[in-house]
Amino acid sequence: MHQSISPAILYLGTPVVLVSTVNENGSYNLAPMSSAFWLGWRCLLGFEAVSKTPQNLIRTGECVLNLPSVAQVDAVNRLAYLTGSNPVPAGKSKRNYRFVQDKFVVSGLTPIASETVEAARALECPIHLEAKVSRVNPVMADEYDYSVHERSVECSLEGIVCIEVRITRVHAHSSVLMDGKRNRIDPDRWRPLIMSFQRFYGLGPELSESRLAGIPEAMYRTPDIDRANVVASEK
């Protein structure tokens, strides 16, 4: 029997992303998040608007989406309760967050140069997606007074922001590529780190052959890929 429930969160299971951006002083911020999804060479990222990462994204217009595998779970865990915002926002302070300037050092991950953006890539992550901001979409911006709620002090009343980014370069470690196909990531080798209701999981083996797998991947190719290649050739 189904029941009507009111869960505090709806983190039903999505890949973890380590978003690297550039701070005002030129240092790198590195933040884990899991509210992300991809369409073609576009990605929509959801953040609390008060957080440092969306502020950096909006200011600089770029980032790197580092995708950790299950092997990097400890590095991701070391970033818990850390923020690049100083002072720490009230909502995060209530949740025991503390300010750290260099989160690459804390995570144990190695920053390396990107090709199309200033933000650093995390060497140990098997997949890096360099990206440029295309659109900023405020969420929770409808006419409603959230301050009437008793938990408003600990919640981020600045709301949520969804940022659309366009991928400008994809880097993939050879260990996750399909044999004989340099532009194909092998889903049998790629093991993303999944967050479901604040807990970490990995993927198991393929359950069944998908009928959609009969459609060649190339048929999903969008003009953003050609756009990224044209920009690269002009440099």
# chains A, B, ... in the order shown; residues from 1 in each chain; ligands from 1
>>> residues_around(residues="segment 33-39 of chain A", least_positions_apart="5", cutoff="6 Å", atoms="only C-alpha atoms", output="number ranges by chain")
A: 14-17, 44-46
>>> select_by_dssp(residues="segment 86-127 of chain A", states="alpha helix (DSSP H)", output="short mmCIF file (atom, residue, chain, number, x, y, z; two decimals) with N, CA, C and O atoms, in the first residue's frame")
data_model
loop_
_atom_site.label_atom_id
_atom_site.label_comp_id
_atom_site.auth_asym_id
_atom_site.auth_seq_id
_atom_site.Cartn_x
_atom_site.Cartn_y
_atom_site.Cartn_z
N ALA A 90 24.32 31.69 7.76
CA ALA A 90 23.60 31.30 8.97
C ALA A 90 23.07 29.87 8.89
O ALA A 90 23.19 29.09 9.83
N GLY A 91 22.47 29.53 7.75
CA GLY A 91 21.90 28.19 7.60
C GLY A 91 22.95 27.10 7.71
O GLY A 91 22.72 26.06 8.33
N LYS A 92 24.13 27.35 7.14
CA LYS A 92 25.20 26.35 7.21
C LYS A 92 25.85 26.33 8.59
O LYS A 92 26.31 25.29 9.05
N SER A 93 25.90 27.47 9.23
CA SER A 93 26.45 27.51 10.59
C SER A 93 25.61 26.65 11.52
O SER A 93 26.14 25.94 12.38
N LYS A 94 24.30 26.67 11.34
CA LYS A 94 23.40 25.83 12.14
C LYS A 94 23.67 24.35 11.92
O LYS A 94 23.39 23.52 12.78
N LYS A 103 40.16 23.83 -0.31
CA LYS A 103 39.51 22.54 -0.12
C LYS A 103 40.15 21.42 -0.94
O LYS A 103 39.92 20.25 -0.67
N PHE A 104 40.96 21.77 -1.93
CA PHE A 104 41.73 20.73 -2.62
C PHE A 104 42.68 20.05 -1.63
O PHE A 104 42.82 18.83 -1.63
N VAL A 105 43.33 20.84 -0.79
CA VAL A 105 44.27 20.30 0.19
C VAL A 105 43.54 19.38 1.16
O VAL A 105 43.98 18.26 1.44
N VAL A 106 42.40 19.82 1.66
CA VAL A 106 41.63 19.02 2.62
C VAL A 106 41.17 17.71 2.00
O VAL A 106 41.22 16.65 2.63
N SER A 107 40.72 17.77 0.75
CA SER A 107 40.20 16.57 0.08
C SER A 107 41.29 15.56 -0.24
O SER A 107 41.02 14.36 -0.35
#
>>> closest_atom_pairs(of="segment 21-74 of chain A", to="segment 122-136 of chain A", cutoff="6 Å", atoms="only C-alpha atoms", output="JSON lines")
{"residue": "A:Gly61", "atom": "CA", "partner": "A:Val133", "partner_atom": "CA", "distance": 4.9}
{"residue": "A:Glu62", "atom": "CA", "partner": "A:Lys132", "partner_atom": "CA", "distance": 4.3}
{"residue": "A:Cys63", "atom": "CA", "partner": "A:Ala131", "partner_atom": "CA", "distance": 5.4}
{"residue": "A:Val64", "atom": "CA", "partner": "A:Glu130", "partner_atom": "CA", "distance": 4.4}
{"residue": "A:Leu65", "atom": "CA", "partner": "A:Leu129", "partner_atom": "CA", "distance": 4.9}
{"residue": "A:Asn66", "atom": "CA", "partner": "A:His128", "partner_atom": "CA", "distance": 4.6}
{"residue": "A:Leu67", "atom": "CA", "partner": "A:Ile127", "partner_atom": "CA", "distance": 5.2}
{"residue": "A:Pro68", "atom": "CA", "partner": "A:Cys125", "partner_atom": "CA", "distance": 4.7}
>>> residues_around(residues="Trp41 of chain A", least_positions_apart="6", cutoff="10 Å", atoms="only C-alpha atoms", output="list in words")
Leu129, Ala131, Val165, Arg166, Ile167, Thr168, Arg169, Val170, Tyr220, Arg221, Thr222, Pro223, Asp224, Ile225 and Ala228 of chain A
>>> write_last_selection(atoms="all heavy atoms", output="short mmCIF file (atom, residue, chain, number, x, y, z; two decimals), in the first residue's frame")
data_model
loop_
_atom_site.label_atom_id
_atom_site.label_comp_id
_atom_site.auth_asym_id
_atom_site.auth_seq_id
_atom_site.Cartn_x
_atom_site.Cartn_y
_atom_site.Cartn_z
N LEU A 129 34.49 17.63 -16.70
CA LEU A 129 33.71 18.38 -17.68
C LEU A 129 33.95 19.87 -17.46
O LEU A 129 33.48 20.43 -16.47
CB LEU A 129 32.21 18.07 -17.54
CG LEU A 129 31.80 16.58 -17.54
CD1 LEU A 129 30.30 16.47 -17.32
CD2 LEU A 129 32.19 15.90 -18.83
N ALA A 131 33.18 23.70 -18.21
CA ALA A 131 31.87 24.25 -18.57
C ALA A 131 31.82 25.76 -18.43
O ALA A 131 32.52 26.36 -17.61
CB ALA A 131 30.78 23.61 -17.72
N VAL A 165 24.78 25.14 -17.55
CA VAL A 165 26.13 25.31 -18.08
C VAL A 165 26.26 24.53 -19.39
O VAL A 165 25.59 23.52 -19.59
CB VAL A 165 27.22 24.86 -17.08
CG1 VAL A 165 27.16 25.70 -15.81
CG2 VAL A 165 27.09 23.38 -16.74
N ARG A 166 27.14 25.03 -20.24
CA ARG A 166 27.45 24.36 -21.50
C ARG A 166 28.83 23.74 -21.40
O ARG A 166 29.79 24.42 -21.05
CB ARG A 166 27.41 25.38 -22.66
CG ARG A 166 27.81 24.81 -24.01
CD ARG A 166 27.67 25.87 -25.11
NE ARG A 166 28.46 27.06 -24.84
CZ ARG A 166 29.75 27.20 -25.15
NH1 ARG A 166 30.41 26.20 -25.76
NH2 ARG A 166 30.40 28.32 -24.88
N ILE A 167 28.93 22.47 -21.68
CA ILE A 167 30.22 21.77 -21.58
C ILE A 167 31.12 22.21 -22.74
O ILE A 167 30.70 22.22 -23.90
CB ILE A 167 30.02 20.24 -21.62
CG1 ILE A 167 29.00 19.81 -20.56
CG2 ILE A 167 31.35 19.53 -21.42
CD1 ILE A 167 29.32 20.22 -19.16
N THR A 168 32.35 22.56 -22.41
CA THR A 168 33.30 23.02 -23.42
C THR A 168 34.46 22.06 -23.65
O THR A 168 35.17 22.17 -24.65
CB THR A 168 33.87 24.40 -23.02
OG1 THR A 168 34.46 24.31 -21.71
CG2 THR A 168 32.77 25.45 -23.00
N ARG A 169 34.66 21.11 -22.74
CA ARG A 169 35.70 20.10 -22.92
C ARG A 169 35.40 18.93 -21.99
O ARG A 169 35.00 19.12 -20.85
CB ARG A 169 37.09 20.65 -22.62
CG ARG A 169 38.23 19.70 -22.97
CD ARG A 169 38.45 19.62 -24.51
NE ARG A 169 39.23 20.74 -25.00
CZ ARG A 169 38.72 21.75 -25.72
NH1 ARG A 169 37.43 21.78 -26.01
NH2 ARG A 169 39.49 22.70 -26.17
N VAL A 170 35.60 17.72 -22.50
CA VAL A 170 35.41 16.51 -21.71
C VAL A 170 36.73 15.77 -21.64
O VAL A 170 37.37 15.51 -22.66
CB VAL A 170 34.33 15.59 -22.33
CG1 VAL A 170 34.21 14.30 -21.51
CG2 VAL A 170 32.99 16.31 -22.41
N TYR A 220 22.45 11.20 -30.75
CA TYR A 220 22.14 12.18 -29.71
C TYR A 220 23.10 13.37 -29.75
O TYR A 220 22.98 14.28 -28.93
CB TYR A 220 22.21 11.53 -28.33
CG TYR A 220 21.14 10.48 -28.10
CD1 TYR A 220 21.44 9.12 -28.13
CD2 TYR A 220 19.82 10.85 -27.84
CE1 TYR A 220 20.46 8.16 -27.90
CE2 TYR A 220 18.84 9.90 -27.61
CZ TYR A 220 19.17 8.56 -27.65
OH TYR A 220 18.20 7.62 -27.43
N ARG A 221 24.03 13.36 -30.66
CA ARG A 221 25.04 14.43 -30.75
C ARG A 221 24.36 15.77 -30.99
O ARG A 221 23.50 15.91 -31.84
CB ARG A 221 26.02 14.11 -31.87
CG ARG A 221 27.17 15.08 -32.00
CD ARG A 221 28.04 14.73 -33.21
NE ARG A 221 29.14 15.66 -33.38
CZ ARG A 221 30.36 15.45 -32.92
NH1 ARG A 221 30.63 14.34 -32.28
NH2 ARG A 221 31.32 16.35 -33.09
N THR A 222 24.77 16.78 -30.21
CA THR A 222 24.19 18.12 -30.36
C THR A 222 25.22 19.08 -30.96
O THR A 222 26.43 18.82 -30.93
CB THR A 222 23.72 18.67 -29.00
OG1 THR A 222 24.89 18.98 -28.20
CG2 THR A 222 22.85 17.67 -28.27
N PRO A 223 24.77 20.23 -31.47
CA PRO A 223 25.70 21.22 -32.04
C PRO A 223 26.69 21.77 -31.03
O PRO A 223 27.71 22.36 -31.42
CB PRO A 223 24.76 22.32 -32.55
CG PRO A 223 23.47 21.64 -32.79
CD PRO A 223 23.36 20.59 -31.72
N ASP A 224 26.42 21.62 -29.72
CA ASP A 224 27.35 22.13 -28.71
C ASP A 224 28.72 21.44 -28.82
O ASP A 224 29.74 22.04 -28.48
CB ASP A 224 26.80 21.91 -27.30
CG ASP A 224 25.76 22.96 -26.92
OD1 ASP A 224 25.84 24.08 -27.45
OD2 ASP A 224 24.88 22.65 -26.10
N ILE A 225 28.74 20.18 -29.28
CA ILE A 225 30.01 19.47 -29.45
C ILE A 225 30.83 20.14 -30.54
O ILE A 225 32.02 20.41 -30.38
CB ILE A 225 29.77 17.99 -29.78
CG1 ILE A 225 28.95 17.33 -28.66
CG2 ILE A 225 31.10 17.25 -29.97
CD1 ILE A 225 28.57 15.89 -28.95
N ALA A 228 32.14 23.50 -29.35
CA ALA A 228 33.32 23.38 -28.50
C ALA A 228 34.57 23.10 -29.32
O ALA A 228 35.64 23.65 -29.05
CB ALA A 228 33.12 22.28 -27.47
#
>>> residues_around(residues="Leu10 of chain A", least_positions_apart="6", cutoff="10 Å", atoms="only C-alpha atoms", output="PyMOL selection string")
chain A and resi 196-198
>>> write_last_selection(atoms="C-alpha atoms", output="CSV table (one decimal), in the first residue's frame")
chain,number,residue,atom,x,y,z
A,196,SER,CA,20.8,8.7,-2.2
A,197,PHE,CA,19.2,10.3,0.8
A,198,GLN,CA,22.6,11.7,2.0
>>> closest_residue(among="A:Ile112, A:Leu193, A:Ala218, A:Val139", to="Asn77 of chain A", atoms="only C-alpha atoms")
A:Leu193
>>> residues_around(residues="Asn56 of chain A", least_positions_apart="6", cutoff="10 Å", atoms="only C-alpha atoms", output="NGL selection string")
:A and (20-24 or 28-29 or 62-63 or 84)
>>> closest_residue(among="A:Ser85, A:Asn96, A:Ser27, A:Gln72", to="Val50 of chain A", atoms="only C-alpha atoms")
A:Ser85
>>> closest_residue(among="A:Leu18, A:Pro192, A:Thr110, A:Cys162", to="Ala71 of chain A", atoms="only C-alpha atoms")
A:Pro192
>>> select_by_dssp(residues="segment 173-218 of chain A", states="strand (DSSP E or B)", output="NGL selection string")
:A and (177-178 or 181-185 or 192 or 194-196 or 199-201)
>>> write_last_selection(atoms="N, CA and C atoms", output="PDB file, in the first residue's frame")
ATOM      1  N   LEU A 177      37.110   4.175 -20.710  1.00  0.00           N
ATOM      2  CA  LEU A 177      36.737   4.254 -22.127  1.00  0.00           C
ATOM      3  C   LEU A 177      36.475   2.877 -22.713  1.00  0.00           C
ATOM      4  N   MET A 178      35.625   2.857 -23.726  1.00  0.00           N
ATOM      5  CA  MET A 178      35.270   1.624 -24.416  1.00  0.00           C
ATOM      6  C   MET A 178      36.405   1.224 -25.351  1.00  0.00           C
ATOM      7  N   LYS A 181      36.996   2.599 -29.100  1.00  0.00           N
ATOM      8  CA  LYS A 181      36.118   3.745 -29.359  1.00  0.00           C
ATOM      9  C   LYS A 181      36.508   4.862 -28.408  1.00  0.00           C
ATOM     10  N   ARG A 182      37.403   5.744 -28.860  1.00  0.00           N
ATOM     11  CA  ARG A 182      38.003   6.739 -27.983  1.00  0.00           C
ATOM     12  C   ARG A 182      37.003   7.775 -27.469  1.00  0.00           C
ATOM     13  N   ASN A 183      35.848   7.921 -28.125  1.00  0.00           N
ATOM     14  CA  ASN A 183      34.865   8.908 -27.698  1.00  0.00           C
ATOM     15  C   ASN A 183      33.674   8.303 -26.961  1.00  0.00           C
ATOM     16  N   ARG A 184      33.813   7.054 -26.508  1.00  0.00           N
ATOM     17  CA  ARG A 184      32.714   6.394 -25.808  1.00  0.00           C
ATOM     18  C   ARG A 184      33.151   5.997 -24.401  1.00  0.00           C
ATOM     19  N   ILE A 185      32.396   6.426 -23.421  1.00  0.00           N
ATOM     20  CA  ILE A 185      32.613   5.987 -22.044  1.00  0.00           C
ATOM     21  C   ILE A 185      31.879   4.665 -21.856  1.00  0.00           C
ATOM     22  N   PRO A 192      30.182   5.546 -11.187  1.00  0.00           N
ATOM     23  CA  PRO A 192      29.988   6.829 -10.500  1.00  0.00           C
ATOM     24  C   PRO A 192      29.617   6.649  -9.042  1.00  0.00           C
ATOM     25  N   ILE A 194      27.240   7.530  -6.195  1.00  0.00           N
ATOM     26  CA  ILE A 194      25.836   7.936  -6.148  1.00  0.00           C
ATOM     27  C   ILE A 194      25.457   8.355  -4.738  1.00  0.00           C
ATOM     28  N   MET A 195      24.727   9.468  -4.632  1.00  0.00           N
ATOM     29  CA  MET A 195      24.179   9.861  -3.336  1.00  0.00           C
ATOM     30  C   MET A 195      22.676   9.626  -3.348  1.00  0.00           C
ATOM     31  N   SER A 196      22.196   8.911  -2.353  1.00  0.00           N
ATOM     32  CA  SER A 196      20.765   8.678  -2.189  1.00  0.00           C
ATOM     33  C   SER A 196      20.412   8.941  -0.732  1.00  0.00           C
ATOM     34  N   ARG A 199      23.348   9.363   1.624  1.00  0.00           N
ATOM     35  CA  ARG A 199      24.235   8.216   1.795  1.00  0.00           C
ATOM     36  C   ARG A 199      24.856   7.839   0.455  1.00  0.00           C
ATOM     37  N   PHE A 200      26.092   7.299   0.514  1.00  0.00           N
ATOM     38  CA  PHE A 200      26.842   6.978  -0.695  1.00  0.00           C
ATOM     39  C   PHE A 200      26.591   5.541  -1.156  1.00  0.00           C
ATOM     40  N   TYR A 201      26.440   5.407  -2.475  1.00  0.00           N
ATOM     41  CA  TYR A 201      26.264   4.096  -3.079  1.00  0.00           C
ATOM     42  C   TYR A 201      27.029   4.059  -4.403  1.00  0.00           C
TER      43      TYR A 201
END
>>> closest_residue(among="A:Cys43, A:Ala80, A:Val230, A:Leu12", to="Phe99 of chain A", atoms="only C-alpha atoms")
A:Ala80
>>> closest_residue(among="A:Glu217, A:Gly159, A:Asp74, A:Ala120", to="Ala141 of chain A", atoms="only C-alpha atoms")
A:Gly159
>>> atom_distance(atom1="atom CA of Ser114 of chain A", atom2="atom CA of His171 of chain A")
9.5 Å
